[in-house]
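> The structure that follows is given in the form of structure tokens.
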Amino acid sequence: TDVYICTLLVFVLVTLLIYVLARFSPNQWEEPDACEKNPEEYSNQFNFLNSFWFVLGALMQQGSDIVPISLCVRFASGMWYFFALIMIASYTANLAAFLTVETLERPIESVEALAAQQEIWYGAMEGGSTAGFSENSNNDVYQTLWQFMSGVHKAEVMLESNIDGVEKVEEANGKYAFFMESASIQYLVERRCKLSQVGGLLD
């Protein structure tokens with residue numbers, strides 16, 4: 001927001017600057033279009049409205065039919081064109097970076113790492129096949145997972161449905177992991193940008 005406000009202020013300032021320079025520069029005044037001999041008045045293309053459109057055209061990289069004649073107006077116009085070029089290049093680069101899919105930083109990469117830490121909570125659907133797999137597994141890692149999920153935090157980590165788990169993951173901002181079937185995970189990851197699958201299959 002600050003960048004847009006500053007750009008708008010500079011836009012107005014440059015418009016006024018070009019207008020004033022064009023009015024005070026004698027080389028910017030031209031003979032009227034009627035080709036009158038010894039005209040009593042000279043014309044100046046850079047009135048306030050034309051100065052506004054000239055600066056706007058430069059900012060949008062579209063140019064203008066109005067051409068500065070005097071050296072001071074040309075110098076100011078050149079500086080504004082250079083500024084507009086840098087601004088548009090920076091905006092385009094930032095926009096491309098923003099639209100590019102970011103690689104999420106994952107604090108855990110496997111179920112072993114998840115079981116070995118205590119900062120990120122995890123759970124599954126209560127009574128589901130995934131929870132039953134952890135409960136009945138002879139693997140020490142899965143037994144550690146089940147001890148946590150069935151412990152004092154059971155009411156908070158064991159949820160009634162997969163949808164509740166997905167919503168809890170999105171709301172927890174990386175502080176909660178939810179176990180569910182691989183097909184459902186792949187389906188949801190493709191459709192919800194905040195979700196990410198970590199590790200491979202448990203079985």
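Every chain in the structure tokens takes a letter, A first, then B, and so on in the order presented; its residues are numbered from 1, and the ligands are numbered from 1 following the presented order.
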If you run DSSP on this backbone, which residues of range 3-160 of chain A come out as strand (DSSP E), and could you give them as a tab-separated table (two decimals) with C-alpha atoms, in the first residue's frame?

```tsv
chain	number	residue	atom	x	y	z
A	121	TRP	CA	-0.07	-32.26	17.31
A	122	TYR	CA	-1.60	-34.98	15.17
A	123	GLY	CA	-4.70	-37.09	15.03
A	124	ALA	CA	-7.08	-39.08	12.88
```
> A:Cys72, A:Trp146, A:Met87, A:Gln45: which is nearest Met60 in chain A, counting only C-alpha atoms?
A:Met87
> Using only C-alpha atoms, which residues sit within 9 Å of Ser77 in chain A once same-chain residues fewer than 5 positions away are excluded, as a VMD selection string?
chain A and resid 14 18 54 to 55 58 68 72 82
> Set the distance at 12 Å and use only C-alpha atoms: which residues neighbour Thr144 in chain A once local chain neighbours fewer than 2 positions away are removed? I'd like the list as a PyMOL selection string.
chain A and resi 111-118+122+134-142+146-151
> Using only C-alpha atoms for the distances, tell me which of A:Cys193, A:Ile88, A:Leu8, A:Val73 is nearest to Arg23 in chain A.
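Answer, going by the shortest atom-to-atom distance: A:Val73.
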> Going by DSSP on the backbone, which residues of chain A come out as alpha helix (DSSP H)? List them as a ChimeraX atom specification.
/A:2-24,48-59,71-99,111-115,129-136,140-149,154-157,162-172,182-189
> Which residue out of A:Phe98, A:Tyr4, A:Phe179, A:Trp80 has the minimum interatomic distance to Gln61 in chain A when only C-alpha atoms are used?
A:Trp80
> Do you know which residues are at most 10 Å from Gly174 in chain A counting only C-alpha atoms, after dropping those on the same chain fewer than 6 positions away, and could you put them as a list in words?
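Skipping anything fewer than 6 positions along the chain leaves Glu105, Arg106, Pro107, Glu119, Ile120, Trp121, Lys168, Lys194, Leu195 and Ser196 of chain A.
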> Limited to N, CA, C and O atoms, could you put the picked residues into a file as a PDB file, in the first residue's frame?

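The resulting result.pdb:
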```pdb
ATOM      1  N   GLU A 105       7.776 -24.848   3.339  1.00  0.00           N
ATOM      2  CA  GLU A 105       8.785 -25.328   4.257  1.00  0.00           C
ATOM      3  C   GLU A 105       8.117 -26.273   5.253  1.00  0.00           C
ATOM      4  O   GLU A 105       7.220 -25.883   5.994  1.00  0.00           O
ATOM      5  N   ARG A 106       8.565 -27.490   5.266  1.00  0.00           N
ATOM      6  CA  ARG A 106       7.948 -28.499   6.103  1.00  0.00           C
ATOM      7  C   ARG A 106       8.846 -28.794   7.302  1.00  0.00           C
ATOM      8  O   ARG A 106       9.989 -29.224   7.130  1.00  0.00           O
ATOM      9  N   PRO A 107       8.345 -28.570   8.500  1.00  0.00           N
ATOM     10  CA  PRO A 107       9.152 -28.873   9.681  1.00  0.00           C
ATOM     11  C   PRO A 107       9.355 -30.362   9.881  1.00  0.00           C
ATOM     12  O   PRO A 107      10.264 -30.776  10.591  1.00  0.00           O
ATOM     13  N   GLU A 119       5.838 -30.430  19.271  1.00  0.00           N
ATOM     14  CA  GLU A 119       5.286 -29.123  18.930  1.00  0.00           C
ATOM     15  C   GLU A 119       4.050 -29.243  18.044  1.00  0.00           C
ATOM     16  O   GLU A 119       3.076 -28.509  18.203  1.00  0.00           O
ATOM     17  N   ILE A 120       4.090 -30.152  17.085  1.00  0.00           N
ATOM     18  CA  ILE A 120       2.973 -30.337  16.156  1.00  0.00           C
ATOM     19  C   ILE A 120       2.118 -31.496  16.645  1.00  0.00           C
ATOM     20  O   ILE A 120       2.599 -32.624  16.791  1.00  0.00           O
ATOM     21  N   TRP A 121       0.847 -31.199  16.910  1.00  0.00           N
ATOM     22  CA  TRP A 121      -0.071 -32.265  17.314  1.00  0.00           C
ATOM     23  C   TRP A 121      -0.587 -32.988  16.077  1.00  0.00           C
ATOM     24  O   TRP A 121      -0.519 -32.481  14.949  1.00  0.00           O
ATOM     25  N   LYS A 168      -9.390 -28.436  10.611  1.00  0.00           N
ATOM     26  CA  LYS A 168      -8.506 -28.182  11.746  1.00  0.00           C
ATOM     27  C   LYS A 168      -7.064 -27.966  11.272  1.00  0.00           C
ATOM     28  O   LYS A 168      -6.340 -27.124  11.790  1.00  0.00           O
ATOM     29  N   LYS A 194      -3.868 -24.769   0.961  1.00  0.00           N
ATOM     30  CA  LYS A 194      -3.250 -24.767   2.261  1.00  0.00           C
ATOM     31  C   LYS A 194      -2.815 -26.157   2.734  1.00  0.00           C
ATOM     32  O   LYS A 194      -2.127 -26.277   3.733  1.00  0.00           O
ATOM     33  N   LEU A 195      -3.230 -27.180   2.020  1.00  0.00           N
ATOM     34  CA  LEU A 195      -2.922 -28.543   2.435  1.00  0.00           C
ATOM     35  C   LEU A 195      -1.697 -29.062   1.708  1.00  0.00           C
ATOM     36  O   LEU A 195      -1.414 -28.700   0.571  1.00  0.00           O
ATOM     37  N   SER A 196      -0.979 -29.940   2.376  1.00  0.00           N
ATOM     38  CA  SER A 196       0.213 -30.551   1.798  1.00  0.00           C
ATOM     39  C   SER A 196       0.380 -31.947   2.388  1.00  0.00           C
ATOM     40  O   SER A 196       0.185 -32.154   3.593  1.00  0.00           O
TER      41      SER A 196
END
```
> For each of A:Leu95, A:Leu202, A:Val3, A:Ile69, take the minimum atom-to-atom distance to Trp29 in chain A, counting only C-alpha atoms, then give the residue where this is smallest.
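Once distances to Trp29 in chain A are computed over only C-alpha atoms, the minimum belongs to A:Ile69.
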